[in-house]
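Q: Right, I'll just put the structure down here and ask away after.
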Amino acid sequence: MEKIIELKKVNKWFGKFQVLKDINLSVSTKEKIVICGPSGSGKSTLIRCINRLEEHQQGEIIVDGIKLDGNTKNIDKIRSEVGMVFQQFNLFPHLSIIDNCTLAPMWVKKKSKKECETLAKEYLEKVQILDQGNKFPGQLSGGQQQRAAIARALCMEPKIMLFDEPTSALDPEMIKEVLDVMVDLAKGGMTMCVVTHEMGFAKEVADRVIFMDEGNIVEEKNTKEFFENPENDRTKLFLSQIL
Amino acid sequence: MMKNLNLLWFKEKFFSTPLNAFLTISIIYLGFITIPPLANWIFFDATFIGSKKSDCVSGGACWVFVNVWFERFIYGLYPAEEIWRINLAFGILAASILVYNFANQKIRKYILIFLFGVFPFISLFLFHGGALGLPVVDTREWGGLFLTLVISVFAIIFCFPLGIILAMGRRSTLPVFKYFSIGFIEFWRGVPLITVLFMAGVMFPLFLPAGSNLDKLIRVIIAITLFEAAYMAEVVRGGLQAITRGQYDAAKSLGMGYWKSHFFIILPQALKIVIPGITNTFIALFKDTPLVFVVGLLEILGMINLAKTNPNWLGLATEGYVFAAFVYWAFCFWMSRYSLKLENRLKTSN
Ligand SMILES: Nc1ncnc2c1ncn2[C@@H]1O[C@H](COP(=O)(O)OP(=O)(O)O)[C@@H](O)[C@H]1O
Ligand SMILES: [Mg+2]
């Protein structure tokens, strides 16, 4: 299968502190991977490197055939092909939900306003908040906001979707509505990298699970094996705590 | 029954504690000793109609002074037969604002383009003349409230975007842009406006090549613009600091670069937060305009100062200053109200 994301020997430091240590990772088109691990292990940093919200200092990251380096043109191109969903939603509070969705397609992809609105409605329908389109983010529940954020990312029609703990800031009763949307998306054939502790979600859709600790990938297995035969002690401990 | 309730409410609000009671009584007493004499002076004992100082015999304020000099206070030394040009320009402005308030989104857009892109040129042409049969009125003859408005409107229009750029510069990662902005802001915030105006009016021409001549009014507007832009920059920076990193992340992750993310995401939110600070700066700018007297420009307060030294009108400074205070207050109050309205309209969360 075609590799759409490739990280080779990626190292990253925040000052003197090394967050990512010799990370090797490749993701194929339409593959879904779940990344888990204790807090502070570098999961967010890892996926933020994929759309260069963070810069790596050593190694190579290639996304959809484009090498990520100082070339800003490449970065803009990658970012419009890689969607991202954040733990804190990060919707634009001064814009209505519809405007949140149409802004980037209009001004980054230069599509017509009408086209963007059709697109936005289609995706809002898909995440089941079409009726909330004219409200502002502050008027929506957490679950609705996160679904709007997913729709916003999808409106750019990305090839890859990154999720950074998309349900961690949600009340328990809203987690399912967001996971349902993500499962749907996975079944639709999207390439997805998901940082999450929702192991039910991992079992249902992930092709592979990656366990990180202190900046290292300490375990990387297909989903079934990851849960049935974890090898690393830290993985075992983590799984015993979380399951 | 009802009356008792009211009384209770009254007691609760104004006399709940000894301190509260003391404050209530003091304030009532203060009002009692100041308001009636003031009202007598301003209204009941005042003279409104007349044509010379000796018409004022009633012992109260002599509003005849303001009445007779009104045109000078408003238009300065602008030639009487050309005053219609100023009125026309402000008429167009008022009409545009009126239409704006009743128009739909699409027409509003055109009105804004007109107001910021076309109207400044039309109005400057009307004020200055020099073509189409309008005689030139030199800026030396501009004055009064008209000059106050010309200076403050243009300085406000220019200092706002400049302040935003400087605020962004101060937070920029490009060292040249960053240190230029810091230097600029700290320089202009560190010098008194009156010095800046003096430099602009008197010193600056000495540095220009001989023969070149930049109009004094333009120099003054540039000086005030640069000065206030430094304050504006710090106000806007406060707003920028309140925007969380998540907003930048989200904008970037959608492929928006520096300018797009600032224009669509960061600035709209930052500016909304600092509307009170921006209003404050505008009000300060407006009230700083009398300082242009140091270079010989006479806006409304300058005209009043001139009038009060006229031998036929000596001793009427108080009336003039009360009038000036009222005019300044009216404009500042309007700005403050308008900003409150804007703040409320832009509220988007609950
Ligand atoms: N911008 C930053 N500056 C300095 N240290 C950071 C920054 N972002 C993250 N870190 C540190 O890097 C480590 C990994 O962070 P992160 O990738 O967010 O971990 P995770 O998402 O697995 O919880 C943490 O110790 C965190 O404190
Ligand atoms: Mg994280």
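To be explicit about the labels: the chains of the structure tokens are called A, B, and onward in the order shown, and within each one the residues are counted from 1, while ligands get numbers from 1 in the order they are shown.
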Could you find all residues in range 6-176 of chain A that DSSP calls helix (DSSP H, G or I) from the backbone, and write them as a ChimeraX atom specification?
A: /A:43-50,72-81,97-107,113-126,130-132,137-139,142-154,172-176
Q: At a cut-off of 9 Å and counting only C-alpha atoms and all ligand atoms, what residues surround ligand 2? Please answer as a JSON list (two decimals) with N, CA, C and O atoms, in the first residue's frame.
A:
```json
[["chain", "number", "residue", "atom", "x", "y", "z"],
["A", 39, "SER", "N", 0.32, 10.73, 29.83],
["A", 39, "SER", "CA", 0.37, 12.17, 29.59],
["A", 39, "SER", "C", 1.83, 12.65, 29.61],
["A", 39, "SER", "O", 2.62, 12.21, 30.43],
["A", 40, "GLY", "N", 2.15, 13.52, 28.66],
["A", 40, "GLY", "CA", 3.51, 14.04, 28.60],
["A", 40, "GLY", "C", 4.47, 13.16, 27.82],
["A", 40, "GLY", "O", 5.66, 13.45, 27.74],
["A", 41, "SER", "N", 3.96, 12.11, 27.20],
["A", 41, "SER", "CA", 4.87, 11.20, 26.49],
["A", 41, "SER", "C", 5.21, 11.68, 25.08],
["A", 41, "SER", "O", 6.04, 11.09, 24.41],
["A", 42, "GLY", "N", 4.55, 12.74, 24.62],
["A", 42, "GLY", "CA", 4.90, 13.30, 23.32],
["A", 42, "GLY", "C", 3.92, 12.99, 22.21],
["A", 42, "GLY", "O", 4.21, 13.23, 21.03],
["A", 43, "LYS", "N", 2.73, 12.49, 22.55],
["A", 43, "LYS", "CA", 1.73, 12.14, 21.53],
["A", 43, "LYS", "C", 1.29, 13.35, 20.74],
["A", 43, "LYS", "O", 1.27, 13.34, 19.51],
["A", 44, "SER", "N", 0.92, 14.42, 21.47],
["A", 44, "SER", "CA", 0.47, 15.62, 20.77],
["A", 44, "SER", "C", 1.57, 16.18, 19.89],
["A", 44, "SER", "O", 1.35, 16.53, 18.73],
["A", 45, "THR", "N", 2.76, 16.24, 20.45],
["A", 45, "THR", "CA", 3.88, 16.78, 19.69],
["A", 45, "THR", "C", 4.08, 15.98, 18.40],
["A", 45, "THR", "O", 4.30, 16.55, 17.33],
["A", 87, "GLN", "N", -8.20, 18.91, 21.16],
["A", 87, "GLN", "CA", -8.87, 18.58, 22.42],
["A", 87, "GLN", "C", -9.84, 19.69, 22.85],
["A", 87, "GLN", "O", -10.95, 19.43, 23.27],
["A", 164, "ASP", "N", -6.35, 15.04, 18.11],
["A", 164, "ASP", "CA", -5.56, 15.07, 19.34],
["A", 164, "ASP", "C", -6.50, 15.02, 20.55],
["A", 164, "ASP", "O", -7.05, 16.04, 20.96],
["A", 165, "GLU", "N", -6.67, 13.85, 21.09],
["A", 165, "GLU", "CA", -7.57, 13.63, 22.22],
["A", 165, "GLU", "C", -8.92, 14.34, 22.05],
["A", 165, "GLU", "O", -9.29, 15.18, 22.87],
["A", 195, "VAL", "N", -4.99, 10.39, 18.47],
["A", 195, "VAL", "CA", -4.48, 10.25, 19.83],
["A", 195, "VAL", "C", -5.69, 10.15, 20.73],
["A", 195, "VAL", "O", -6.53, 11.06, 20.75]]
```
Q: With only C-alpha atoms considered, list every residue of chain A at most 10 Å from chain B, as JSON, numbers by chain.
A: {"A": [48, 51, 52, 53, 54, 72, 73, 75, 76, 77, 78, 79, 80, 81, 82, 83, 84, 85, 86, 87, 88, 89, 90, 91, 92, 93, 94, 95, 96, 100, 103, 104, 105, 107, 108, 109, 135, 136, 137, 138, 139, 140, 149, 152, 153, 154, 155, 156, 158, 162]}
Q: Using N, CA and C atoms, can you export the residues from the last selection as a compact mmCIF listing (two decimals), in the first residue's frame?
A:
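Writing the result to selection.txt gives the following:
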```txt
# COMPACT_ATOMS: atom_id res chain seq x y z
N ARG A 48 1.36 16.81 15.94
CA ARG A 48 1.48 18.21 15.52
C ARG A 48 2.66 18.42 14.57
N ASN A 51 1.52 18.07 10.66
CA ASN A 51 1.12 19.25 9.88
C ASN A 51 1.95 20.48 10.26
N ARG A 52 3.08 20.20 10.85
CA ARG A 52 4.06 21.22 11.18
C ARG A 52 3.54 22.35 12.06
N LEU A 53 2.62 22.00 12.97
CA LEU A 53 2.33 22.98 14.02
C LEU A 53 3.53 23.01 14.96
N GLU A 54 4.30 21.94 14.95
CA GLU A 54 5.59 21.92 15.62
C GLU A 54 6.65 21.59 14.58
N THR A 72 7.92 27.33 3.18
CA THR A 72 6.57 27.67 3.65
C THR A 72 5.48 27.31 2.66
N LYS A 73 5.81 27.32 1.39
CA LYS A 73 4.80 26.96 0.39
C LYS A 73 4.34 25.53 0.61
N ILE A 75 4.45 23.90 3.36
CA ILE A 75 3.70 23.79 4.61
C ILE A 75 2.24 24.15 4.38
N ASP A 76 2.00 25.26 3.69
CA ASP A 76 0.62 25.66 3.44
C ASP A 76 -0.12 24.58 2.65
N LYS A 77 0.59 23.98 1.71
CA LYS A 77 -0.05 22.95 0.89
C LYS A 77 -0.42 21.73 1.75
N ILE A 78 0.55 21.31 2.58
CA ILE A 78 0.29 20.18 3.47
C ILE A 78 -0.87 20.48 4.40
N ARG A 79 -0.88 21.69 4.96
CA ARG A 79 -1.92 22.01 5.94
C ARG A 79 -3.30 22.02 5.33
N SER A 80 -3.37 22.36 4.05
CA SER A 80 -4.72 22.34 3.48
C SER A 80 -5.14 20.92 3.07
N GLU A 81 -4.21 19.96 3.18
CA GLU A 81 -4.58 18.57 2.89
C GLU A 81 -4.70 17.73 4.15
N VAL A 82 -4.27 18.28 5.27
CA VAL A 82 -4.31 17.54 6.53
C VAL A 82 -5.23 18.28 7.49
N GLY A 83 -6.32 17.64 7.86
CA GLY A 83 -7.24 18.28 8.80
C GLY A 83 -6.85 17.94 10.22
N MET A 84 -7.19 18.84 11.16
CA MET A 84 -6.84 18.53 12.55
C MET A 84 -7.99 18.89 13.48
N VAL A 85 -8.19 18.02 14.46
CA VAL A 85 -9.21 18.25 15.47
C VAL A 85 -8.51 18.26 16.82
N PHE A 86 -8.84 19.28 17.63
CA PHE A 86 -8.11 19.51 18.87
C PHE A 86 -8.93 19.12 20.10
N GLN A 87 -8.20 18.91 21.16
CA GLN A 87 -8.87 18.58 22.42
C GLN A 87 -9.84 19.69 22.85
N GLN A 88 -9.38 20.94 22.72
CA GLN A 88 -10.21 22.07 23.16
C GLN A 88 -11.08 22.65 22.03
N PHE A 89 -11.35 21.89 21.01
CA PHE A 89 -12.18 22.25 19.85
C PHE A 89 -11.57 23.37 19.01
N ASN A 90 -11.21 24.47 19.69
CA ASN A 90 -10.63 25.62 18.99
C ASN A 90 -11.47 26.14 17.84
N LEU A 91 -12.78 26.16 18.04
CA LEU A 91 -13.63 26.83 17.06
C LEU A 91 -13.36 28.32 17.15
N PHE A 92 -13.70 29.05 16.09
CA PHE A 92 -13.51 30.50 16.12
C PHE A 92 -14.75 31.13 16.76
N PRO A 93 -14.63 31.64 17.98
CA PRO A 93 -15.83 32.03 18.74
C PRO A 93 -16.57 33.21 18.15
N HIS A 94 -15.90 34.00 17.29
CA HIS A 94 -16.57 35.19 16.76
C HIS A 94 -17.33 34.89 15.47
N LEU A 95 -17.26 33.65 15.02
CA LEU A 95 -17.94 33.30 13.77
C LEU A 95 -19.01 32.25 14.02
N SER A 96 -20.09 32.31 13.24
CA SER A 96 -21.12 31.29 13.37
C SER A 96 -20.54 29.95 12.91
N ASN A 100 -17.47 29.32 10.44
CA ASN A 100 -16.30 28.54 10.84
C ASN A 100 -15.93 27.55 9.73
N LEU A 103 -14.95 29.53 6.06
CA LEU A 103 -13.86 30.50 6.00
C LEU A 103 -12.63 29.99 5.23
N ALA A 104 -12.10 28.84 5.67
CA ALA A 104 -10.87 28.37 5.03
C ALA A 104 -11.07 27.91 3.58
N PRO A 105 -12.14 27.15 3.29
CA PRO A 105 -12.34 26.80 1.87
C PRO A 105 -12.41 28.03 0.98
N TRP A 107 -11.12 31.18 1.57
CA TRP A 107 -9.94 32.05 1.48
C TRP A 107 -8.64 31.30 1.26
N VAL A 108 -8.62 30.01 1.57
CA VAL A 108 -7.41 29.24 1.31
C VAL A 108 -7.54 28.51 -0.02
N LYS A 109 -8.70 27.85 -0.20
CA LYS A 109 -8.90 27.11 -1.45
C LYS A 109 -9.55 27.96 -2.53
N LYS A 135 -25.80 29.28 14.74
CA LYS A 135 -25.43 29.66 16.11
C LYS A 135 -23.93 29.92 16.20
N PHE A 136 -23.54 30.50 17.32
CA PHE A 136 -22.12 30.71 17.58
C PHE A 136 -21.60 29.58 18.47
N PRO A 137 -20.30 29.30 18.39
CA PRO A 137 -19.75 28.18 19.16
C PRO A 137 -20.15 28.21 20.63
N GLY A 138 -20.13 29.41 21.23
CA GLY A 138 -20.44 29.52 22.65
C GLY A 138 -21.85 29.08 23.01
N GLN A 139 -22.71 28.94 22.00
CA GLN A 139 -24.10 28.55 22.29
C GLN A 139 -24.31 27.04 22.15
N LEU A 140 -23.23 26.31 21.83
CA LEU A 140 -23.35 24.87 21.61
C LEU A 140 -22.77 24.07 22.77
N ALA A 149 -16.24 21.18 14.89
CA ALA A 149 -14.81 21.29 14.58
C ALA A 149 -14.41 20.21 13.57
N ARG A 152 -15.69 21.38 10.27
CA ARG A 152 -14.84 22.45 9.77
C ARG A 152 -13.60 21.90 9.08
N ALA A 153 -12.97 20.91 9.72
CA ALA A 153 -11.77 20.31 9.12
C ALA A 153 -12.13 19.58 7.83
N LEU A 154 -13.28 18.90 7.83
CA LEU A 154 -13.66 18.12 6.64
C LEU A 154 -13.97 19.00 5.44
N CYS A 155 -14.43 20.23 5.71
CA CYS A 155 -14.77 21.14 4.62
C CYS A 155 -13.56 21.47 3.74
N MET A 156 -12.37 21.25 4.26
CA MET A 156 -11.17 21.45 3.44
C MET A 156 -10.90 20.22 2.58
N PRO A 158 -9.80 17.14 3.32
CA PRO A 158 -8.43 16.69 3.54
C PRO A 158 -8.25 15.22 3.17
N LEU A 162 -6.10 14.36 11.52
CA LEU A 162 -5.39 14.15 12.78
C LEU A 162 -6.34 14.51 13.93
```
Q: Looking at only C-alpha atoms, which of B:Tyr100, B:Tyr179, B:Tyr321, B:Phe227 is the one that sits closest to Leu193 in chain B?
A: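 Going through B:Tyr100, B:Tyr179, B:Tyr321, B:Phe227 one by one, the smallest distance to Leu193 in chain B is for B:Phe227.
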Q: May I ask which of the residues A:Glu55, A:Asp131, A:Asp207, A:Glu220 is the closest one to ligand 1, counting only C-alpha atoms and all ligand atoms?
A: A:Glu55
Q: Closest to ligand 1 among A:Cys49, A:Met190, A:Ile61, A:Ile4, using only C-alpha atoms and all ligand atoms?
A: A:Cys49
Q: If you count only C-alpha atoms, which residues fall within 12 Å of range 224-235 of chain A, apart from same-chain ones fewer than 4 positions away, as JSON, numbers by chain?
A: {"A": [33, 34, 35, 36, 37, 38, 199, 200, 202, 203, 204, 205, 206, 207, 208, 209, 210, 211, 212, 213, 214, 216, 217, 218, 219, 220, 239, 240, 241, 242, 243]}
Q: Find, counting only C-alpha atoms, the residue in B:Met199, B:Ile164, B:Leu316, B:Ile278 that gets nearest to Ala223 in chain B.
A: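 For Ala223 in chain B, the nearest of the candidates is B:Met199.
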Q: Which is closer to ligand 1 than all the others in A:Thr196, A:Asn24, A:Thr102, A:Gln58, using only C-alpha atoms and all ligand atoms?
A: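 Looking at the shortest contact to ligand 1, the residue is A:Thr196.
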Q: Tell me which protein, DNA and RNA residues are within 10 Å of Lys126 in chain A, counting only C-alpha atoms, leaving out same-chain ones fewer than 6 positions away, and put them as an MDAnalysis selection string.
A: chainID A and resid 120 147 151 181 184:185
Q: What parts of range 83-195 of chain A does DSSP call strand (DSSP E)? I'd like the answer as an MDAnalysis selection string.
A: chainID A and resid 83:85 160:164 191:195
